[in-house]
Every structure is written in C-alpha cells, then in structure tokens.
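Here is the structure we will look at, set down as structure tokens.
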Amino acid sequence: MKEIVVGSRGSELALRQAHWVVSRIIEAYPDISCRIEVIKTTGDRIIDSPLAAIGDKGLFVKEIELALINGEIDIAVHSAKDLPSDMDERLSIAAYTEREDPRDALVSKSGKLSELPIGASVGTSSARRRAQILHYRPDLNIRDLRGNLDTRLRKLCGPDYDAIILACAGLRRMNLESRISEAIPMNISIPAAGQGALAVQCRAGEHIADILSSLDHPQTRRCVCSERTVIAALEAGCRTPVGVNGRESDDIIALDAMVASVDGSRMIRKSLSGSADDWEDIGRRMADELRDAGAEDLLEEARYGATNDIGAAG
C-alpha cells in the first residue's frame, strides 16, 4: 500500500488529530504517503439544535463509517467518545491511541466551578455534563451550546455565557490549555466513555490493521473497551446522562461510573476494580451494579423526556 486515504471531520481539532495519526504512520512507514479526506457528518451539518433532538447514535461518525465501508477511504480517525457502542461488523478499531487528560474542562470568565456566581449561565450540549454540573450546582443556568471548539470559545466572549464546558483533551491538542479555568475533578464530573482517546478505524480483516497496530496503546484500549462495555450494556446514548471512566495501574483497572436524572437531582455513582485482563467483565459488573441501584429508571426517564422534547419541538 503506497497511499492511505484518511477520513476525518473538517473541524480544526479533528484535522489536527488526523494529521497526528498521519505523522505517526509515516514515522513508522516512511514509504507510505497519506491523504486526508474531509467528510461532513450529521452532527457537523445541524448546529442549531440540541444533540438529543437530532439523533442518538453516530452523529459524528456514521457518514465517515459509510465512506470506509464503501472503500472511499482506507481508515478513519475519530474521537473515541463519539463512537456508538454498537459498531458495524464490517469495521474494527485497529488502534486506540494513548489517552490525553480525559477530564471535562471549565472555561470561564470568573474562575472555578465553585466560584461562579449564583445563576451564572454555563454552556454545554452534553446531557451528561448538564446533569453532573446541576447536581453539584443546582443554582446554575445550563444553556445549550453547539459548534466546534473555536466557535464555542468565541461564544464565551459574548454576553450569553459566563462559562462553557469542553474537554481537556481537545484544548490540550489545540495548545489552548491556558484557557482551562479548571480541570473539573471526577468526583464532580465523570467523563464520557472514551473521552481523551482517539480511535483509528479500518475495515475488518484488512492488512492495514497491521500498519496501524503501532499506534495502539494497550492500557488505553482495555480501559476504553471496559467503558464502552458499560455503555453498551446500559444501551446508553447521547440523550442519557451517563459517565464512565477507567484507569489502569499495576495491571488493575479502576472503573468509576454514574447515571443521573436529566436535571441532576438524582444520581447513582459506583466504583469497582479488577484485573486489567478482565476489562469486559468489569464493565458488565459495573452495568449490573448501576442497574441494581435503579439506573434503569433514570435511563428510561431520560429517553422518554428526550423523545417528548423532540416531538414538542417538531
């Protein structure tokens, strides 16, 4: 293979991530050239509606996956948190890159989350972030915020938002870590499954997976796959306030997860750990513990509420 066509979203952050993957491939295989093909996804095209109102699975990946299945591109670079838990069997994740800081980031005009004035307007399009922030600070006014990273940062300069919530990883990859007012502690906000990692996808069973294997970080793979096992078992999507994060140390994975009501008034949090080799079992046990504690009621409530909101908006 002399040229690899790399599929990516067109945002500056997505392209920077794709170029980073390209540089790693060329470093390992100098004889191979790469070309980046920009593909616009549903999530990129519809920017004036809340995420929950435009779908629940693959908003930022499905068009790229279709191009991969159709042979229009050879590999795809995704933010791992954007991948739905169920993937087309014709595709596989050849590499999960070493994880950047997975925490949520507060970018604000007035310091840390605890320091925001009562009633401050905080922008986020994430049901997970909304619920956890409201659980911690029910006095805050959470407002929907869409757009790529640059767009959201620009909106903070106006009068509509006192703070916004982004991902530490994206800000760091864009060399904008100086904008982070606070990396929100995980005892306040558990990240999305896969947050901070990149997923490099290819067609299943193809030789190109061998080329991409040098990008794979085994510890990140085990943690992200354990997190995704929780999401799959709970049948959670972008409409449901679910967070899960795994950390591996000394061959042990420690998993933290939460399920909340949309308004943050009720929350279930669980932690467990086990051998890193048993990453799938850890994920399944976590899902079971959350369900036993009543998570299914919260999930159904979130799904039903999102459906009603969509119908009312239509």
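Following the order of the structure tokens, first chain is A, next is B, and so on, with residues numbered from 1 inside each chain and ligands from 1 in the order they appear.
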
Write out as a ChimeraX atom specification each polymer residue whose atoms come within 12 Å of Gly194 in chain A, counting only C-alpha atoms; drop sequence neighbours fewer than 5 positions from it. /A:78-85,96-103,167,169,199,220-231,243-247

Print the selection's residues with C-alpha atoms to a file, as an mmCIF file, in the first residue's frame.
data_model
loop_
_atom_site.group_PDB
_atom_site.id
_atom_site.type_symbol
_atom_site.label_atom_id
_atom_site.label_comp_id
_atom_site.auth_asym_id
_atom_site.auth_seq_id
_atom_site.Cartn_x
_atom_site.Cartn_y
_atom_site.Cartn_z
ATOM 1 C CA HIS A 78 -12.494 9.504 15.450
ATOM 2 C CA SER A 79 -12.649 10.897 18.935
ATOM 3 C CA ALA A 80 -13.354 7.650 20.761
ATOM 4 C CA LYS A 81 -16.164 9.250 22.782
ATOM 5 C CA ASP A 82 -18.116 9.866 19.545
ATOM 6 C CA LEU A 83 -18.307 6.170 18.645
ATOM 7 C CA PRO A 84 -21.656 4.480 19.334
ATOM 8 C CA SER A 85 -21.376 1.346 21.451
ATOM 9 C CA TYR A 96 -6.811 3.329 20.452
ATOM 10 C CA THR A 97 -4.104 5.942 20.912
ATOM 11 C CA GLU A 98 -2.635 6.760 24.302
ATOM 12 C CA ARG A 99 -5.164 8.778 26.223
ATOM 13 C CA GLU A 100 -4.878 12.503 26.822
ATOM 14 C CA ASP A 101 -6.373 14.014 30.008
ATOM 15 C CA PRO A 102 -9.967 12.630 29.998
ATOM 16 C CA ARG A 103 -11.471 15.231 32.349
ATOM 17 C CA ALA A 167 -12.875 18.500 27.056
ATOM 18 C CA ALA A 169 -8.038 16.718 25.737
ATOM 19 C CA ALA A 199 -9.959 5.604 17.744
ATOM 20 C CA THR A 220 -5.988 2.775 26.821
ATOM 21 C CA ARG A 221 -7.642 0.045 24.742
ATOM 22 C CA ARG A 222 -8.536 -2.014 27.811
ATOM 23 C CA CYS A 223 -9.917 0.973 29.715
ATOM 24 C CA VAL A 224 -11.907 2.371 26.793
ATOM 25 C CA CYS A 225 -13.307 -1.049 25.888
ATOM 26 C CA SER A 226 -14.350 -1.586 29.508
ATOM 27 C CA GLU A 227 -16.091 1.813 29.482
ATOM 28 C CA ARG A 228 -17.805 1.013 26.191
ATOM 29 C CA THR A 229 -18.985 -2.301 27.652
ATOM 30 C CA VAL A 230 -20.854 -0.336 30.338
ATOM 31 C CA ILE A 231 -22.459 1.949 27.743
ATOM 32 C CA GLY A 243 -20.419 8.921 32.590
ATOM 33 C CA VAL A 244 -17.768 6.219 32.903
ATOM 34 C CA ASN A 245 -14.008 6.329 33.226
ATOM 35 C CA GLY A 246 -11.388 3.640 33.700
ATOM 36 C CA ARG A 247 -7.785 3.971 34.838
#

Neighbouring residues of range 2-11 of chain A were defined as those with any atom within 6 Å, considering only C-alpha atoms; residues of the same chain fewer than 3 positions away were excluded. Please report them as a list in words.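 Once the adjacent positions are removed, what remains is Ala14, Ile32, Ser33, Cys34, Arg35, Ile36, Glu37, Val38, Ile39, Lys40, Ile73, Asp74, Ile75, Ala76 and Val77 of chain A.
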
Using DSSP assignments from the backbone, pull out every residue in range 112-262 of chain A that falls under strand (DSSP E) and give it to me as an MDAnalysis selection string. chainID A and resid 121:123 141:143 163:167 182:183 198:203 242:249 252:260

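The nearest approach to Asp216 in chain A among the residues A:Leu13, A:Ala94, A:Met267, A:Met87, with only C-alpha atoms taken into account, belongs to A:Ala94.
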
Identify which of the residues A:Ile69, A:Ile268, A:Ile211, A:Ala120 lies closest to Ile190 in chain A, counting only C-alpha atoms when measuring atom-to-atom distances.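 Of A:Ile69, A:Ile268, A:Ile211, A:Ala120, the one nearest Ile190 in chain A, counting only C-alpha atoms, is A:Ile268.
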
Just list the residues in range 31-211 of chain A DSSP gives alpha helix (DSSP H) on the backbone, as a tab-separated table (two decimals) with C-alpha atoms, in the first residue's frame.
chain	number	residue	atom	x	y	z
A	42	THR	CA	-24.86	14.91	10.59
A	43	GLY	CA	-23.56	16.47	13.79
A	44	ASP	CA	-21.49	18.94	11.74
A	45	ARG	CA	-24.34	19.92	9.42
A	62	LYS	CA	-21.81	7.46	10.61
A	63	GLU	CA	-21.04	9.24	7.32
A	64	ILE	CA	-17.33	8.57	7.85
A	65	GLU	CA	-18.03	4.90	8.60
A	66	LEU	CA	-20.14	4.63	5.44
A	67	ALA	CA	-17.27	6.06	3.37
A	68	LEU	CA	-14.99	3.46	4.95
A	69	ILE	CA	-17.39	0.60	4.19
A	127	ALA	CA	-26.73	15.70	28.82
A	128	ARG	CA	-24.00	14.05	30.91
A	129	ARG	CA	-22.25	17.33	31.69
A	130	ARG	CA	-25.53	19.16	32.28
A	131	ALA	CA	-26.74	16.63	34.85
A	132	GLN	CA	-23.49	16.47	36.79
A	133	ILE	CA	-22.98	20.23	36.90
A	134	LEU	CA	-26.56	20.74	38.08
A	135	HIS	CA	-26.09	18.04	40.71
A	136	TYR	CA	-23.10	19.98	42.06
A	149	LEU	CA	-14.23	24.14	19.70
A	150	ASP	CA	-13.31	27.54	18.21
A	151	THR	CA	-16.97	28.50	17.79
A	152	ARG	CA	-17.78	27.65	21.38
A	153	LEU	CA	-14.80	29.60	22.69
A	154	ARG	CA	-15.88	32.63	20.63
A	155	LYS	CA	-19.40	32.43	22.06
A	156	LEU	CA	-17.93	32.71	25.55
A	168	CYS	CA	-9.40	19.00	28.47
A	169	ALA	CA	-8.04	16.72	25.74
A	170	GLY	CA	-9.30	18.88	22.87
A	171	LEU	CA	-7.97	22.09	24.41
A	172	ARG	CA	-4.58	20.48	25.02
A	173	ARG	CA	-4.37	19.10	21.48
A	208	ILE	CA	-3.88	-2.15	7.06
A	209	ALA	CA	-4.67	-3.07	10.67
A	210	ASP	CA	-1.08	-4.34	10.96
A	211	ILE	CA	0.21	-0.94	9.85

Report the distance between CA of Ser181 in chain A and CA of Ser114 in chain A in Å, rounded to one decimal place.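 We find that CA of Ser181 in chain A and CA of Ser114 in chain A lie 11.3 Å from each other.
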
Nearby residues (only C-alpha atoms) at most 8 Å from Ile93 in chain A, same-chain spacing under 6 positions excluded, as a list in words: Ala199, Val200, Gln201 and Cys202 of chain A

What's the separation between CA of Thr124 in chain A and CA of Asp263 in chain A, in Å to one decimal place? 13.6 Å

Please identify all polymer residues within 9 Å of Ile184 in chain A, counting only C-alpha atoms, omitting same-chain residues fewer than 5 positions from it, and present them as JSON, numbers by chain. {"A": [103, 104, 105, 106, 112, 113, 189, 190]}

Set the distance at 9 Å and use only C-alpha atoms: which residues neighbour Leu290 in chain A once local chain neighbours fewer than 6 positions away are removed? I'd like the list as a list in words.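 Final neighbour list, sorted by chain and number: Leu234, Ala257, Met258, Val259, Ile268, Arg269, Lys270 and Glu296 of chain A.
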
Written selection (all heavy atoms) as a PDB file, in the first residue's frame:
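The result, written out as selection.pdb:
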ATOM      1  N   LEU A 234     -25.909  -0.819  29.141  1.00  0.00           N
ATOM      2  CA  LEU A 234     -26.985   0.068  29.588  1.00  0.00           C
ATOM      3  C   LEU A 234     -27.801   0.629  28.427  1.00  0.00           C
ATOM      4  O   LEU A 234     -28.812   1.304  28.649  1.00  0.00           O
ATOM      5  CB  LEU A 234     -26.406   1.236  30.396  1.00  0.00           C
ATOM      6  CG  LEU A 234     -25.746   0.900  31.729  1.00  0.00           C
ATOM      7  CD1 LEU A 234     -25.152   2.150  32.352  1.00  0.00           C
ATOM      8  CD2 LEU A 234     -26.725   0.235  32.693  1.00  0.00           C
ATOM      9  N   ALA A 257     -18.316   5.138  37.485  1.00  0.00           N
ATOM     10  CA  ALA A 257     -19.428   5.401  36.574  1.00  0.00           C
ATOM     11  C   ALA A 257     -20.564   6.079  37.317  1.00  0.00           C
ATOM     12  O   ALA A 257     -20.684   5.985  38.548  1.00  0.00           O
ATOM     13  CB  ALA A 257     -19.922   4.107  35.938  1.00  0.00           C
ATOM     14  N   MET A 258     -21.390   6.778  36.550  1.00  0.00           N
ATOM     15  CA  MET A 258     -22.560   7.424  37.131  1.00  0.00           C
ATOM     16  C   MET A 258     -23.691   7.450  36.106  1.00  0.00           C
ATOM     17  O   MET A 258     -23.473   7.494  34.898  1.00  0.00           O
ATOM     18  CB  MET A 258     -22.232   8.840  37.602  1.00  0.00           C
ATOM     19  CG  MET A 258     -22.152   9.898  36.531  1.00  0.00           C
ATOM     20  SD  MET A 258     -23.750  10.661  36.170  1.00  0.00           S
ATOM     21  CE  MET A 258     -23.437  11.281  34.506  1.00  0.00           C
ATOM     22  N   VAL A 259     -24.907   7.411  36.625  1.00  0.00           N
ATOM     23  CA  VAL A 259     -26.122   7.639  35.850  1.00  0.00           C
ATOM     24  C   VAL A 259     -26.942   8.652  36.645  1.00  0.00           C
ATOM     25  O   VAL A 259     -27.069   8.535  37.867  1.00  0.00           O
ATOM     26  CB  VAL A 259     -26.936   6.349  35.643  1.00  0.00           C
ATOM     27  CG1 VAL A 259     -28.225   6.643  34.877  1.00  0.00           C
ATOM     28  CG2 VAL A 259     -26.112   5.305  34.910  1.00  0.00           C
ATOM     29  N   ILE A 268     -26.720   8.208  40.607  1.00  0.00           N
ATOM     30  CA  ILE A 268     -26.168   6.949  41.106  1.00  0.00           C
ATOM     31  C   ILE A 268     -24.710   6.900  40.674  1.00  0.00           C
ATOM     32  O   ILE A 268     -24.402   7.060  39.489  1.00  0.00           O
ATOM     33  CB  ILE A 268     -26.922   5.742  40.536  1.00  0.00           C
ATOM     34  CG1 ILE A 268     -28.388   5.774  40.951  1.00  0.00           C
ATOM     35  CG2 ILE A 268     -26.270   4.436  40.973  1.00  0.00           C
ATOM     36  CD1 ILE A 268     -29.258   4.817  40.160  1.00  0.00           C
ATOM     37  N   ARG A 269     -23.813   6.710  41.628  1.00  0.00           N
ATOM     38  CA  ARG A 269     -22.389   6.598  41.323  1.00  0.00           C
ATOM     39  C   ARG A 269     -21.864   5.279  41.890  1.00  0.00           C
ATOM     40  O   ARG A 269     -22.208   4.900  43.018  1.00  0.00           O
ATOM     41  CB  ARG A 269     -21.593   7.749  41.920  1.00  0.00           C
ATOM     42  CG  ARG A 269     -21.838   9.095  41.274  1.00  0.00           C
ATOM     43  CD  ARG A 269     -20.982  10.166  41.929  1.00  0.00           C
ATOM     44  NE  ARG A 269     -19.566   9.894  41.748  1.00  0.00           N
ATOM     45  CZ  ARG A 269     -18.742  10.684  41.042  1.00  0.00           C
ATOM     46  NH1 ARG A 269     -19.205  11.762  40.454  1.00  0.00           N
ATOM     47  NH2 ARG A 269     -17.469  10.387  40.926  1.00  0.00           N
ATOM     48  N   LYS A 270     -21.030   4.606  41.112  1.00  0.00           N
ATOM     49  CA  LYS A 270     -20.440   3.350  41.541  1.00  0.00           C
ATOM     50  C   LYS A 270     -18.966   3.307  41.145  1.00  0.00           C
ATOM     51  O   LYS A 270     -18.560   3.905  40.143  1.00  0.00           O
ATOM     52  CB  LYS A 270     -21.165   2.153  40.905  1.00  0.00           C
ATOM     53  CG  LYS A 270     -22.609   1.966  41.353  1.00  0.00           C
ATOM     54  CD  LYS A 270     -22.684   1.506  42.806  1.00  0.00           C
ATOM     55  CE  LYS A 270     -24.116   1.313  43.253  1.00  0.00           C
ATOM     56  NZ  LYS A 270     -24.202   0.849  44.660  1.00  0.00           N
ATOM     57  N   GLU A 296     -31.862   1.987  35.637  1.00  0.00           N
ATOM     58  CA  GLU A 296     -32.774   1.813  34.508  1.00  0.00           C
ATOM     59  C   GLU A 296     -33.919   2.812  34.539  1.00  0.00           C
ATOM     60  O   GLU A 296     -34.342   3.324  33.493  1.00  0.00           O
ATOM     61  CB  GLU A 296     -33.322   0.376  34.495  1.00  0.00           C
ATOM     62  CG  GLU A 296     -33.921  -0.045  33.159  1.00  0.00           C
ATOM     63  CD  GLU A 296     -32.925   0.038  32.019  1.00  0.00           C
ATOM     64  OE1 GLU A 296     -31.793  -0.434  32.173  1.00  0.00           O
ATOM     65  OE2 GLU A 296     -33.301   0.616  30.968  1.00  0.00           O
TER      66      GLU A 296
END

Identify, on the basis of only C-alpha atoms, every residue whose closest approach to Asp288 in chain A does not exceed 9 Å; exclude the query and any residue fewer than 4 positions from it along the same chain; express the result as a PDB file with N, CA, C and O atoms, in the first residue's frame.
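File written: part.pdb
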ATOM      1  N   VAL A 230     -19.821  -0.888  29.455  1.00  0.00           N
ATOM      2  CA  VAL A 230     -20.854  -0.336  30.338  1.00  0.00           C
ATOM      3  C   VAL A 230     -21.935   0.352  29.513  1.00  0.00           C
ATOM      4  O   VAL A 230     -23.143   0.121  29.703  1.00  0.00           O
ATOM      5  N   ALA A 233     -24.060  -2.180  27.604  1.00  0.00           N
ATOM      6  CA  ALA A 233     -24.947  -2.945  28.481  1.00  0.00           C
ATOM      7  C   ALA A 233     -26.133  -2.108  28.951  1.00  0.00           C
ATOM      8  O   ALA A 233     -27.240  -2.634  29.130  1.00  0.00           O
ATOM      9  N   LEU A 234     -25.909  -0.819  29.141  1.00  0.00           N
ATOM     10  CA  LEU A 234     -26.985   0.068  29.588  1.00  0.00           C
ATOM     11  C   LEU A 234     -27.801   0.629  28.427  1.00  0.00           C
ATOM     12  O   LEU A 234     -28.812   1.304  28.649  1.00  0.00           O
ATOM     13  N   GLY A 283     -16.632  -4.158  33.099  1.00  0.00           N
ATOM     14  CA  GLY A 283     -17.665  -3.319  32.508  1.00  0.00           C
ATOM     15  C   GLY A 283     -19.058  -3.885  32.720  1.00  0.00           C
ATOM     16  O   GLY A 283     -20.002  -3.150  33.031  1.00  0.00           O
ATOM     17  N   ARG A 284     -19.210  -5.200  32.543  1.00  0.00           N
ATOM     18  CA  ARG A 284     -20.519  -5.824  32.725  1.00  0.00           C
ATOM     19  C   ARG A 284     -20.966  -5.750  34.179  1.00  0.00           C
ATOM     20  O   ARG A 284     -22.141  -5.498  34.468  1.00  0.00           O
ATOM     21  N   ASP A 292     -28.849  -2.436  39.396  1.00  0.00           N
ATOM     22  CA  ASP A 292     -29.361  -2.867  40.697  1.00  0.00           C
ATOM     23  C   ASP A 292     -29.672  -1.677  41.605  1.00  0.00           C
ATOM     24  O   ASP A 292     -30.534  -1.771  42.494  1.00  0.00           O
ATOM     25  N   ALA A 293     -28.964  -0.572  41.376  1.00  0.00           N
ATOM     26  CA  ALA A 293     -29.168   0.626  42.200  1.00  0.00           C
ATOM     27  C   ALA A 293     -30.268   1.532  41.652  1.00  0.00           C
ATOM     28  O   ALA A 293     -30.545   2.593  42.226  1.00  0.00           O
TER      29      ALA A 293
END

Long-range neighbours of range 139-146 of chain A as a VMD selection string, 6 Å cut-off, only C-alpha atoms, 2 positions minimum in chain: chain A and resid 47 118 to 125 137

Would you please work out which residue, of A:Ala236, A:Ala254, A:Ile282, A:Leu272, is nearest to Ala295 in chain A when using only C-alpha atoms?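 Once distances to Ala295 in chain A are computed over only C-alpha atoms, the minimum belongs to A:Ala236.
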
So the first atom is CA of Ile252 in chain A and the second is CA of Ser271 in chain A; what is the distance between them in Å, to one decimal place?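 These atoms are spaced 13.1 Å apart.
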